[in-house]
file entry-v6.txt (compact mmCIF, C-alpha atoms)
# COMPACT_ATOMS: atom_id res chain seq x y z
CA MET A 26 125.74 149.24 105.37
CA HIS A 27 124.49 147.41 102.29
CA PRO A 28 120.74 147.03 101.78
CA PRO A 29 119.32 143.50 102.23
CA THR A 30 120.27 141.14 99.40
CA VAL A 31 117.40 138.66 99.88
CA TRP A 32 114.63 139.67 97.49
CA ASP A 33 110.91 139.43 98.22
CA TRP A 34 109.35 137.06 95.66
CA GLU A 35 105.86 136.92 97.13
CA SER A 36 103.32 137.45 94.34
CA GLY A 37 101.47 140.75 94.37
CA GLN A 38 101.84 144.50 94.02
CA ARG A 39 103.27 147.13 96.35
CA VAL A 40 103.56 150.89 96.00
CA ILE A 41 107.17 151.72 96.92
CA LEU A 42 106.73 155.49 96.70
CA ALA A 43 103.33 157.13 96.25
CA SER A 44 104.77 160.23 94.58
CA VAL A 45 108.12 160.97 92.98
CA ALA A 46 107.31 164.68 92.68
CA PRO A 47 110.13 166.98 93.90
CA ALA A 48 110.07 167.73 97.60
CA ALA A 49 109.84 171.22 99.05
CA GLY A 50 113.07 173.15 98.63
CA VAL A 51 114.04 171.37 95.38
CA ALA A 52 114.72 173.64 92.40
CA TRP A 53 114.66 170.74 89.95
CA GLN A 54 114.95 166.98 89.97
CA GLU A 55 116.45 164.53 87.50
CA GLU A 56 114.93 161.29 86.21
CA THR A 57 113.93 158.54 88.61
CA HIS A 58 115.91 155.32 89.08
CA ILE A 59 114.67 152.09 90.66
CA SER A 60 116.94 149.59 92.43
CA PRO A 61 117.31 146.09 90.93
CA ASP A 62 115.16 144.54 93.68
CA GLY A 63 112.49 147.20 93.20
CA GLU A 64 112.60 148.29 96.84
CA ARG A 65 114.29 151.70 96.44
CA VAL A 66 113.53 154.62 94.14
CA ALA A 67 115.96 157.52 93.82
CA ALA A 68 116.71 160.70 91.92
CA LEU A 69 119.34 163.42 92.00
CA ALA A 70 118.06 166.87 92.86
CA CYS A 71 119.32 170.45 92.82
CA LEU A 72 118.32 172.35 95.94
CA GLU A 73 116.91 175.87 95.87
CA GLU A 74 119.51 176.93 98.44
CA GLY A 75 122.26 175.51 96.22
CA GLY A 76 124.05 172.19 95.96
CA PHE A 77 123.00 168.72 94.89
CA THR A 78 121.76 165.71 96.79
CA ALA A 79 119.71 162.58 96.15
CA PHE A 80 116.30 161.56 97.40
CA VAL A 81 115.93 157.82 98.10
CA ASN A 82 112.40 156.62 98.88
CA GLY A 83 111.54 160.25 99.48
CA GLU A 84 114.33 160.90 101.99
CA PRO A 85 117.33 163.13 101.13
CA TRP A 86 120.94 162.16 101.57
CA GLU A 87 122.48 163.80 104.62
CA ASN A 88 125.29 165.26 102.51
CA THR A 89 125.09 167.77 99.68
CA PHE A 90 127.63 168.35 96.89
CA GLU A 91 128.60 171.10 94.48
CA LYS A 92 127.62 168.95 91.52
CA ALA A 93 126.29 165.43 90.96
CA TRP A 94 125.74 163.34 87.86
CA PHE A 95 125.76 159.80 86.41
CA PRO A 96 123.38 158.28 89.01
CA ARG A 97 123.38 154.48 89.16
CA PHE A 98 122.07 151.74 91.43
CA SER A 99 124.57 148.97 92.14
CA PRO A 100 123.37 145.37 91.75
CA ASP A 101 123.15 145.12 95.55
CA GLY A 102 120.89 148.16 95.74
CA ARG A 103 123.19 151.05 96.69
CA PHE A 104 122.58 154.38 94.99
CA THR A 105 125.70 156.02 93.58
CA ALA A 106 126.55 159.28 91.86
CA VAL A 107 129.67 161.02 90.62
CA VAL A 108 129.97 164.14 92.77
CA GLN A 109 132.11 167.27 93.02
CA GLN A 110 133.26 168.84 96.26
CA ASP A 111 135.83 171.65 96.61
CA GLY A 112 136.38 171.50 92.86
CA LEU A 113 137.44 167.83 92.88
CA TRP A 114 135.47 164.74 91.85
CA THR A 115 134.77 161.47 93.62
CA LEU A 116 131.99 158.90 94.03
CA ALA A 117 129.20 159.07 96.57
CA VAL A 118 127.63 155.76 97.63
CA ASP A 119 124.34 156.11 99.50
CA GLY A 120 125.39 159.67 100.25
CA GLU A 121 128.88 158.89 101.61
CA ALA A 122 131.76 160.07 99.40
CA TRP A 123 134.96 158.14 98.91
CA GLU A 124 137.79 159.63 100.97
CA GLU A 125 139.96 160.33 97.94
CA SER A 126 139.08 162.93 95.29
CA TYR A 127 140.42 163.39 91.76
CA ASP A 128 140.64 165.99 89.03
CA TYR A 129 137.92 164.02 87.28
CA LEU A 130 136.03 160.75 87.73
CA TRP A 131 133.59 158.97 85.40
CA GLY A 132 132.32 155.63 84.06
CA THR A 133 131.06 153.90 87.22
CA GLN A 134 131.08 150.10 86.96
CA PHE A 135 130.04 147.34 89.36
CA SER A 136 131.05 143.77 90.04
CA GLN A 137 128.38 141.19 89.29
CA ASN A 138 127.15 141.10 92.88
CA GLY A 139 127.61 144.85 93.33
CA GLU A 140 130.04 144.65 96.23
CA VAL A 141 132.93 146.25 94.28
CA ILE A 142 132.56 149.63 92.57
CA ALA A 143 135.09 150.93 90.05
CA ALA A 144 135.47 154.20 88.17
CA CYS A 145 137.85 155.79 85.69
CA VAL A 146 139.87 158.70 87.07
CA GLN A 147 142.21 161.46 85.98
CA THR A 148 144.60 163.01 88.46
CA GLY A 149 147.66 165.13 87.87
CA GLY A 150 147.26 164.69 84.11
CA GLU A 151 147.40 160.89 84.35
CA TYR A 152 144.67 158.27 83.99
CA GLY A 153 143.74 154.95 85.54
CA LEU A 154 141.10 153.08 87.51
CA CYS A 155 139.95 153.34 91.08
CA LEU A 156 138.29 150.41 92.90
CA ASP A 157 136.34 151.23 96.04
CA GLY A 158 138.42 154.36 96.42
CA VAL A 159 141.80 152.64 95.89
CA LEU A 160 143.72 153.91 92.87
CA TRP A 161 145.97 151.88 90.58
CA ASP A 162 149.63 152.10 91.66
CA THR A 163 150.64 153.02 88.10
CA LEU A 164 148.84 155.65 86.03
CA TYR A 165 149.13 156.51 82.32
CA GLU A 166 148.89 159.58 80.14
CA ASN A 167 145.87 157.99 78.45
CA ALA A 168 143.54 155.22 79.62
CA ASN A 169 140.18 154.30 78.14
CA GLN A 170 137.77 151.41 77.56
CA CYS A 171 138.05 150.50 81.22
CA VAL A 172 136.54 147.20 82.37
CA LEU A 173 135.98 145.43 85.69
CA SER A 174 136.03 141.64 86.08
CA ALA A 175 132.78 139.95 87.09
CA ASP A 176 134.04 139.26 90.61
CA GLY A 177 135.44 142.77 90.97
CA ALA A 178 138.91 141.53 91.86
CA SER A 179 140.59 142.82 88.69
CA SER A 180 140.35 145.74 86.31
CA ALA A 181 141.84 146.57 82.92
CA ALA A 182 142.05 149.38 80.38
CA VAL A 183 143.61 150.30 77.07
CA VAL A 184 146.56 152.57 77.90
CA GLN A 185 149.08 154.72 76.07
CA LEU A 186 152.56 153.39 76.84
CA GLU A 187 154.71 156.12 75.27
CA SER A 188 154.33 159.84 74.65
CA LEU A 189 153.59 161.13 71.18
CA GLY A 190 154.50 164.53 69.85
CA GLN A 191 152.06 166.48 67.76
CA ALA A 192 151.65 164.83 64.32
CA ASP A 193 154.18 162.14 65.27
CA ILE A 194 153.05 159.66 62.64
CA GLU A 195 156.21 157.55 62.77
CA GLY A 196 155.92 157.18 66.53
CA PHE A 197 152.29 156.14 66.23
CA GLN A 198 153.10 153.53 63.59
CA ARG A 199 155.72 151.99 65.86
CA GLY A 200 152.90 151.31 68.30
CA VAL A 201 152.32 153.10 71.59
CA PHE A 202 149.14 151.44 72.91
CA GLY A 203 148.61 148.36 75.03
CA VAL A 204 146.56 147.01 77.91
CA ALA A 205 147.11 147.42 81.63
CA VAL A 206 145.65 144.92 84.09
CA ASN A 207 145.39 146.12 87.68
CA GLY A 208 147.69 148.94 86.61
CA GLN A 209 150.42 146.64 85.26
CA ARG A 210 151.04 147.03 81.54
CA TRP A 211 151.45 144.29 79.01
CA SER A 212 155.00 144.23 77.65
CA THR A 213 153.84 144.34 74.02
CA HIS A 214 152.97 147.52 72.06
CA PHE A 215 150.37 147.85 69.30
CA LEU A 216 149.20 150.55 66.93
CA ASN A 217 145.83 150.28 68.64
CA ALA A 218 144.06 148.13 71.20
CA TRP A 219 140.36 147.94 71.96
CA THR A 220 137.77 146.29 74.19
CA PRO A 221 139.77 144.37 76.80
CA THR A 222 137.65 141.58 78.28
CA PHE A 223 138.16 139.20 81.21
CA ASP A 224 137.62 135.46 81.38
CA ALA A 225 135.03 134.05 83.78
CA GLN A 226 137.60 133.79 86.60
CA GLY A 227 138.84 137.36 86.13
CA LYS A 228 142.42 136.15 85.60
CA ARG A 229 143.03 136.44 81.84
CA VAL A 230 142.42 139.30 79.44
CA ALA A 231 141.89 139.37 75.68
CA ALA A 232 141.63 142.42 73.42
CA GLN A 233 141.41 143.49 69.81
CA ILE A 234 144.69 144.81 68.42
CA ARG A 235 146.09 146.44 65.29
CA THR A 236 149.67 145.48 64.49
CA SER A 237 150.12 147.52 61.29
CA LEU A 238 148.07 149.95 59.27
CA TYR A 239 146.30 147.01 57.64
CA ASP A 240 146.59 144.06 60.03
CA TYR A 241 144.29 143.30 62.95
CA GLY A 242 144.26 140.50 65.47
CA ILE A 243 143.55 139.32 68.99
CA ALA A 244 145.99 139.40 71.90
CA VAL A 245 145.55 137.25 75.00
CA ASP A 246 147.52 138.23 78.11
CA GLY A 247 149.75 140.30 75.86
CA GLN A 248 150.47 137.55 73.32
CA PRO A 249 149.03 138.10 69.82
CA TRP A 250 147.43 135.25 67.92
CA PRO A 251 149.78 134.04 65.17
CA GLU A 252 147.26 134.94 62.46
CA SER A 253 146.30 138.48 61.45
CA TYR A 254 143.12 139.52 59.67
CA ALA A 255 141.61 142.33 57.60
CA CYS A 256 139.47 143.18 60.64
CA VAL A 257 138.29 141.66 63.93
CA TRP A 258 135.60 142.33 66.52
CA GLU A 259 135.54 142.06 70.29
CA PRO A 260 136.79 138.71 71.67
CA ARG A 261 134.98 136.57 74.23
CA PHE A 262 136.27 133.80 76.49
CA ASN A 263 134.46 130.49 76.37
CA PRO A 264 133.30 130.12 80.01
CA ALA A 265 133.78 126.35 79.97
CA THR A 266 137.04 125.93 78.06
CA GLY A 267 138.82 129.27 78.52
CA LYS A 268 139.42 129.48 74.77
CA VAL A 269 139.04 132.88 73.09
CA VAL A 270 136.44 133.35 70.36
CA ALA A 271 136.35 136.37 68.05
CA PRO A 272 134.73 137.35 64.72
CA VAL A 273 137.34 137.76 61.98
CA ARG A 274 137.27 139.10 58.42
CA ILE A 275 139.08 137.09 55.75
CA LYS A 276 139.04 137.96 52.03
CA GLY A 277 136.10 140.31 52.47
CA LEU A 278 133.87 137.92 54.45
CA TRP A 279 133.31 137.36 58.16
CA GLY A 280 133.58 134.16 60.14
CA MET A 281 134.59 133.12 63.65
CA ALA A 282 137.98 132.10 65.00
CA GLN A 283 138.93 130.39 68.24
CA ASP A 284 142.46 130.70 69.60
CA GLY A 285 143.56 131.72 66.10
CA GLN A 286 141.87 128.84 64.26
CA VAL A 287 138.81 129.44 62.07
CA ILE A 288 135.76 127.60 63.45
CA TRP A 289 133.03 129.29 61.36
CA GLU A 290 133.65 129.50 57.63
CA PRO A 291 133.99 133.15 56.55
CA LYS A 292 130.77 133.50 54.56
CA PHE A 293 128.91 136.43 56.11
CA ALA A 294 128.78 140.11 55.19
CA GLN A 295 128.93 140.71 58.94
CA CYS A 296 129.43 138.63 62.10
CA TRP A 297 129.64 140.11 65.59
CA GLN A 298 128.31 140.38 69.14
CA GLN A 299 128.84 136.69 69.82
CA ALA A 300 127.44 135.06 72.95
CA ILE A 301 128.62 131.74 74.41
CA SER A 302 126.64 129.39 76.65
CA GLN A 303 127.98 128.68 80.14
CA ASN A 304 128.56 125.03 79.23
CA GLY A 305 130.62 126.17 76.23
CA LYS A 306 128.73 124.04 73.72
CA ASN A 307 126.90 126.70 71.74
CA ILE A 308 128.10 129.95 70.23
CA ALA A 309 125.62 132.43 68.80
CA ALA A 310 126.32 135.65 66.90
CA ILE A 311 124.52 138.33 64.93
CA VAL A 312 125.30 137.76 61.25
CA ALA A 313 124.40 139.13 57.83
CA PRO A 314 124.18 136.26 55.29
CA GLU A 315 123.91 139.02 52.69
CA PHE A 316 124.40 142.77 52.79
CA GLY A 317 121.65 144.54 54.74
CA ALA A 318 119.88 141.35 55.85
CA PHE A 319 120.66 140.39 59.45
CA THR A 320 119.81 137.37 61.57
CA VAL A 321 121.36 135.14 64.25
CA ALA A 322 123.62 132.17 63.64
CA VAL A 323 124.10 129.39 66.19
CA ASN A 324 127.29 127.35 65.75
CA GLY A 325 127.64 128.88 62.30
CA GLN A 326 124.12 128.04 61.08
CA PRO A 327 121.96 131.14 60.43
CA TRP A 328 118.28 131.43 61.23
CA SER A 329 115.96 131.85 58.23
CA THR A 330 114.41 134.99 59.80
CA ARG A 331 115.87 138.20 58.32
CA PHE A 332 115.65 141.86 59.36
CA PRO A 333 117.48 145.07 58.36
CA VAL A 334 118.47 145.43 62.03
CA VAL A 335 119.19 142.70 64.60
CA THR A 336 120.62 143.53 68.01
CA ASP A 337 120.73 142.65 71.74
CA LEU A 338 121.61 138.97 71.45
CA VAL A 339 121.36 136.73 74.54
CA ILE A 340 121.88 132.99 75.06
CA SER A 341 120.76 130.69 77.88
CA ARG A 342 123.27 129.03 80.18
CA ASP A 343 122.76 125.66 78.49
CA GLY A 344 122.75 127.23 75.03
CA GLU A 345 119.35 125.83 74.12
CA ARG A 346 117.57 129.21 74.01
CA VAL A 347 118.71 132.20 71.98
CA ALA A 348 116.91 135.55 71.77
CA ALA A 349 117.46 138.92 70.11
CA LEU A 350 115.61 141.92 68.72
CA GLY A 351 114.85 142.62 65.10
CA SER A 352 113.42 145.71 63.43
CA GLN A 353 112.60 147.32 60.14
CA ASP A 354 115.14 150.13 60.08
CA ASN A 355 114.68 150.92 63.79
CA LYS A 356 110.89 150.77 63.75
CA ASP A 357 108.37 147.94 64.13
CA TRP A 358 110.56 146.09 66.63
CA ARG A 359 110.06 142.34 67.12
CA VAL A 360 111.31 139.93 69.77
CA LEU A 361 113.12 136.98 68.18
CA VAL A 362 113.38 133.69 70.05
CA ASP A 363 114.95 130.51 68.70
CA GLY A 364 114.63 131.64 65.10
CA HIS A 365 111.04 132.87 65.27
CA ALA A 366 109.55 136.34 65.76
CA TRP A 367 106.90 136.75 68.40
CA ASP A 368 103.59 138.21 67.30
CA GLY A 369 103.26 141.95 67.68
CA THR A 370 105.42 144.91 66.74
CA TRP A 371 106.60 147.71 69.00
CA ASP A 372 107.81 151.28 68.65
CA MET A 373 110.77 150.19 70.77
CA ALA A 374 111.94 147.03 72.50
CA TRP A 375 114.80 146.36 74.89
CA LYS A 376 117.25 143.50 75.35
CA PRO A 377 115.46 140.19 76.09
CA VAL A 378 115.91 138.56 79.50
CA LEU A 379 116.13 134.79 80.01
CA SER A 380 115.21 132.89 83.14
CA ALA A 381 118.08 131.06 84.84
CA ALA A 382 117.18 127.72 83.31
CA GLY A 383 116.31 129.34 79.97
CA GLY A 384 112.71 128.18 79.98
CA HIS A 385 111.21 131.68 79.84
CA VAL A 386 111.94 134.87 77.91
CA ALA A 387 110.78 138.40 78.72
CA ALA A 388 111.37 141.83 77.21
CA LYS A 389 110.46 145.43 77.96
CA VAL A 390 108.52 147.07 75.10
CA ASP A 391 107.01 150.44 74.21
CA LYS A 392 104.11 151.47 72.01
CA ALA A 393 102.70 154.98 71.66
CA GLY A 394 104.63 156.14 74.72
CA ARG A 395 103.29 153.44 77.05
CA GLN A 396 105.51 150.62 78.26
CA THR A 397 104.90 147.07 79.40
CA VAL A 398 106.52 143.61 79.44
CA VAL A 399 106.10 140.68 77.07
CA VAL A 400 106.66 137.22 78.59
CA ASP A 401 106.94 134.13 76.38
CA GLY A 402 105.08 136.05 73.67
CA ARG A 403 102.21 137.14 75.94
CA VAL A 404 101.72 140.82 76.75
CA PHE A 405 101.41 141.68 80.45
CA PRO A 406 97.84 143.03 80.92
CA ARG A 407 98.87 146.46 82.16
CA GLU A 408 100.71 149.44 80.72
CA PHE A 409 102.90 151.96 82.53
CA ASP A 410 104.49 155.35 81.96
CA GLN A 411 107.85 153.65 82.37
CA VAL A 412 108.98 150.11 83.13
CA CYS A 413 112.45 148.78 83.95
CA GLU A 414 114.07 145.65 82.57
CA PRO A 415 112.15 142.66 84.01
CA THR A 416 113.85 140.14 86.29
CA PHE A 417 113.06 136.44 86.75
CA SER A 418 113.20 134.79 90.17
CA PRO A 419 116.05 132.29 90.62
CA ASP A 420 113.66 129.36 90.05
CA GLY A 421 112.08 131.03 87.01
CA THR A 422 108.51 130.88 88.34
CA LYS A 423 108.10 134.61 89.12
CA LEU A 424 108.79 137.85 87.27
CA LEU A 425 109.65 141.15 88.95
CA ILE A 426 108.23 144.24 87.23
CA ARG A 427 109.50 147.63 88.42
CA ALA A 428 107.44 150.47 87.03
CA MET A 429 106.48 154.13 87.23
CA ASP A 430 102.88 155.13 86.59
CA LYS A 431 100.96 158.31 87.34
CA GLY A 432 103.79 159.63 89.46
CA SER A 433 104.20 156.60 91.73
CA CYS A 434 106.71 153.75 91.87
CA ILE A 435 105.20 150.26 91.75
CA ARG A 436 106.72 146.86 92.46
CA ILE A 437 104.90 143.84 90.98
CA VAL A 438 105.78 140.15 91.34
CA ALA A 439 103.81 138.16 88.77
CA ASP A 440 103.52 134.40 88.41
CA VAL A 441 105.09 133.38 85.10
CA GLY A 442 102.45 131.74 82.92
CA GLN A 443 99.64 133.62 84.65
CA ASN A 444 100.34 137.10 83.39

call {"tool": "encode", "arguments": {"input": "entry-v6.txt", "output": "structure tokens"}}
result
Amino acid sequence: MHPPTVWDWESGQRVILASVAPAAGVAWQEETHISPDGERVAALACLEEGGFTAFVNGEPWENTFEKAWFPRFSPDGRFTAVVQQDGLWTLAVDGEAWEESYDYLWGTQFSQNGEVIAACVQTGGEYGLCLDGVLWDTLYENANQCVLSADGASSAAVVQLESLGQADIEGFQRGVFGVAVNGQRWSTHFLNAWTPTFDAQGKRVAAQIRTSLYDYGIAVDGQPWPESYACVWEPRFNPATGKVVAPVRIKGLWGMAQDGQVIWEPKFAQCWQQAISQNGKNIAAIVAPEFGAFTVAVNGQPWSTRFPVVTDLVISRDGERVAALGSQDNKDWRVLVDGHAWDGTWDMAWKPVLSAAGGHVAAKVDKAGRQTVVVDGRVFPREFDQVCEPTFSPDGTKLLIRAMDKGSCIRIVADVGQN
């Protein structure tokens, strides 16, 4: 049974677990994880008598396993781990293992609402994906860069379509890689393929491809764009129009192309990690107007702010708010919002979070080993040993802070603007 999906947004603080110290009979315990709604805290543990289990809100799973690793909470609050039993691997969800086991299993992924769980598997020397315990009908001798659609209805991976002998350079140059969607391969072969990505409806797939030793491009549902480039980066579907947008390199400079047509003049030393608003009107990307100086460009126009490192770009649904992180060679991190850097520097900062309507921005930050949250440029008046990524309420008026401090797990709902 899934945990409740209605979150408690009443302002205030609650202690979810007074102590995360290992229970009696535990030889050692791994790091603590907190569910997205802040109501459950869990950790994998190795028992003194042998075997692995998980403790969730202080209570152990009923089942134990030979090994357990890669613990993750699903978006709907279920605690998962890759586990081994009788020498085979599967996934345990809230302590219950999938019925099927495999030679190996890894890379757990979740649908947006958490109801569908996928993982990469290897069985009998072949590779593919497994969704909620159901394996692809067709497997391949190589599958990687697996991805699950947002609704969980579809999955895709880069796959090897033909066998290669040792040092078979001619065979490689003929192209042996492609993309499989729900186990069904594209008909076209490429020298390489990377980063398959779904559209918003989970129906179409785009990927980077290499068609010769020197030519790169984008393929959509198996059909390459007519133009090739010196290099490309990961494509994205425009959520509103369904068109495919990808950074491309032409004559030594980077720009942006859409469905094979250049829409941003190639004028940057780098252009990547694009983000598109839900209404499709604004496209943002991390760019380098000159070598070693990075910023963000919105619809091709770069911000004046420059840093040696810019990362973790996000855009609001309406495209009116854009945020990222900037740093001086991975130190003195700053939160960048709409072209301006907030006051204050941090030893580390994490990807900014936008409220649903885009009116508020928050980010997890760290200084001198203590962590907290910055909201709209204001520092939350409390520090913690560890804090998770903050979450805004659907109406944007509250902020959920999930934190660990002095050995206890704390859940705080703060009023935005009164932190």

call {"tool": "closest_atom_pairs", "arguments": {"input": "entry-v6.txt", "of": "segment 410-437 of chain A", "to": "segment 52-70 of chain A", "cutoff": "9 Å", "atoms": "all atoms listed in the file", "output": "tab-separated table"}}
result
residue	atom	partner	partner_atom	distance
A:Cys413	CA	A:Ile59	CA	7.8
A:Glu414	CA	A:Pro61	CA	9.0
A:Thr416	CA	A:Pro61	CA	8.3
A:Leu425	CA	A:Gly63	CA	7.9
A:Ile426	CA	A:Gly63	CA	7.9
A:Arg427	CA	A:Gly63	CA	5.7
A:Ala428	CA	A:Ile59	CA	8.3
A:Met429	CA	A:Thr57	CA	8.8
A:Cys434	CA	A:Val66	CA	7.2
A:Ile435	CA	A:Gly63	CA	8.0
A:Arg436	CA	A:Gly63	CA	5.8
A:Ile437	CA	A:Gly63	CA	8.6

call {"tool": "residues_around", "arguments": {"input": "entry-v6.txt", "residues": "Asp440 of chain A", "least_positions_apart": "5", "cutoff": "10 Å", "atoms": "all atoms listed in the file", "output": "MDAnalysis selection string"}}
result
chainID A and resid 34:37 417:418 421:425

call {"tool": "write_last_selection", "arguments": {"input": "entry-v6.txt", "atoms": "C-alpha atoms", "output": "mmCIF file, in the frame of the given file"}}
result
data_model
loop_
_atom_site.group_PDB
_atom_site.id
_atom_site.type_symbol
_atom_site.label_atom_id
_atom_site.label_comp_id
_atom_site.auth_asym_id
_atom_site.auth_seq_id
_atom_site.Cartn_x
_atom_site.Cartn_y
_atom_site.Cartn_z
ATOM 1 C CA TRP A 34 109.350 137.060 95.660
ATOM 2 C CA GLU A 35 105.860 136.920 97.130
ATOM 3 C CA SER A 36 103.320 137.450 94.340
ATOM 4 C CA GLY A 37 101.470 140.750 94.370
ATOM 5 C CA PHE A 417 113.060 136.440 86.750
ATOM 6 C CA SER A 418 113.200 134.790 90.170
ATOM 7 C CA GLY A 421 112.080 131.030 87.010
ATOM 8 C CA THR A 422 108.510 130.880 88.340
ATOM 9 C CA LYS A 423 108.100 134.610 89.120
ATOM 10 C CA LEU A 424 108.790 137.850 87.270
ATOM 11 C CA LEU A 425 109.650 141.150 88.950
#

call {"tool": "residues_around", "arguments": {"input": "entry-v6.txt", "residues": "segment 332-346 of chain A", "least_positions_apart": "5", "cutoff": "6 Å", "atoms": "only C-alpha atoms", "output": "PyMOL selection string"}}
result
chain A and resi 302-304+307+317-319+351-354+376+383

call {"tool": "atom_distance", "arguments": {"input": "entry-v6.txt", "atom1": "atom CA of Glu151 of chain A", "atom2": "atom CA of Thr163 of chain A"}}
result
9.3 Å

call {"tool": "residues_around", "arguments": {"input": "entry-v6.txt", "residues": "Asp128 of chain A", "least_positions_apart": "6", "cutoff": "7 Å", "atoms": "all atoms listed in the file", "output": "list in words"}}
result
Leu113, Trp114, Gln147 and Thr148 of chain A

call {"tool": "axis_aligned_box", "arguments": {"input": "entry-v6.txt", "around": "segment 261-273 of chain A", "padding_each_side": "4 Å", "output": "JSON"}}
result
{"center_x": 136.4, "center_y": 131.8, "center_z": 71.0, "size_x": 14.1, "size_y": 19.8, "size_z": 26.0}

call {"tool": "closest_residue", "arguments": {"input": "entry-v6.txt", "among": "A:Gly402, A:Pro260, A:Gly242, A:Gly76", "to": "Ile275 of chain A", "atoms": "all atoms listed in the file"}}
result
A:Gly242

call {"tool": "residues_around", "arguments": {"input": "entry-v6.txt", "residues": "Asp176 of chain A", "least_positions_apart": "5", "cutoff": "7 Å", "atoms": "all atoms listed in the file", "output": "list in words"}}
result
Ser136, Gln137 and Gly227 of chain A

call {"tool": "closest_residue", "arguments": {"input": "entry-v6.txt", "among": "A:Phe293, A:Asn263, A:Asp357, A:Arg199", "to": "Ser237 of chain A", "atoms": "only C-alpha atoms"}}
result
A:Arg199

call {"tool": "residues_around", "arguments": {"input": "entry-v6.txt", "residues": "Ala79 of chain A", "least_positions_apart": "5", "cutoff": "10 Å", "atoms": "only C-alpha atoms", "output": "CSV table (one decimal) with C-alpha atoms, keeping the file's coordinate frame"}}
result
chain,number,residue,atom,x,y,z
A,54,GLN,CA,115.0,167.0,90.0
A,55,GLU,CA,116.4,164.5,87.5
A,67,ALA,CA,116.0,157.5,93.8
A,68,ALA,CA,116.7,160.7,91.9
A,69,LEU,CA,119.3,163.4,92.0
A,70,ALA,CA,118.1,166.9,92.9
A,71,CYS,CA,119.3,170.4,92.8
A,72,LEU,CA,118.3,172.4,95.9
A,84,GLU,CA,114.3,160.9,102.0
A,85,PRO,CA,117.3,163.1,101.1
A,86,TRP,CA,120.9,162.2,101.6
A,87,GLU,CA,122.5,163.8,104.6
A,88,ASN,CA,125.3,165.3,102.5
A,89,THR,CA,125.1,167.8,99.7
A,90,PHE,CA,127.6,168.4,96.9
A,93,ALA,CA,126.3,165.4,91.0
A,96,PRO,CA,123.4,158.3,89.0
A,104,PHE,CA,122.6,154.4,95.0
A,105,THR,CA,125.7,156.0,93.6
A,106,ALA,CA,126.6,159.3,91.9
A,119,ASP,CA,124.3,156.1,99.5
A,120,GLY,CA,125.4,159.7,100.2
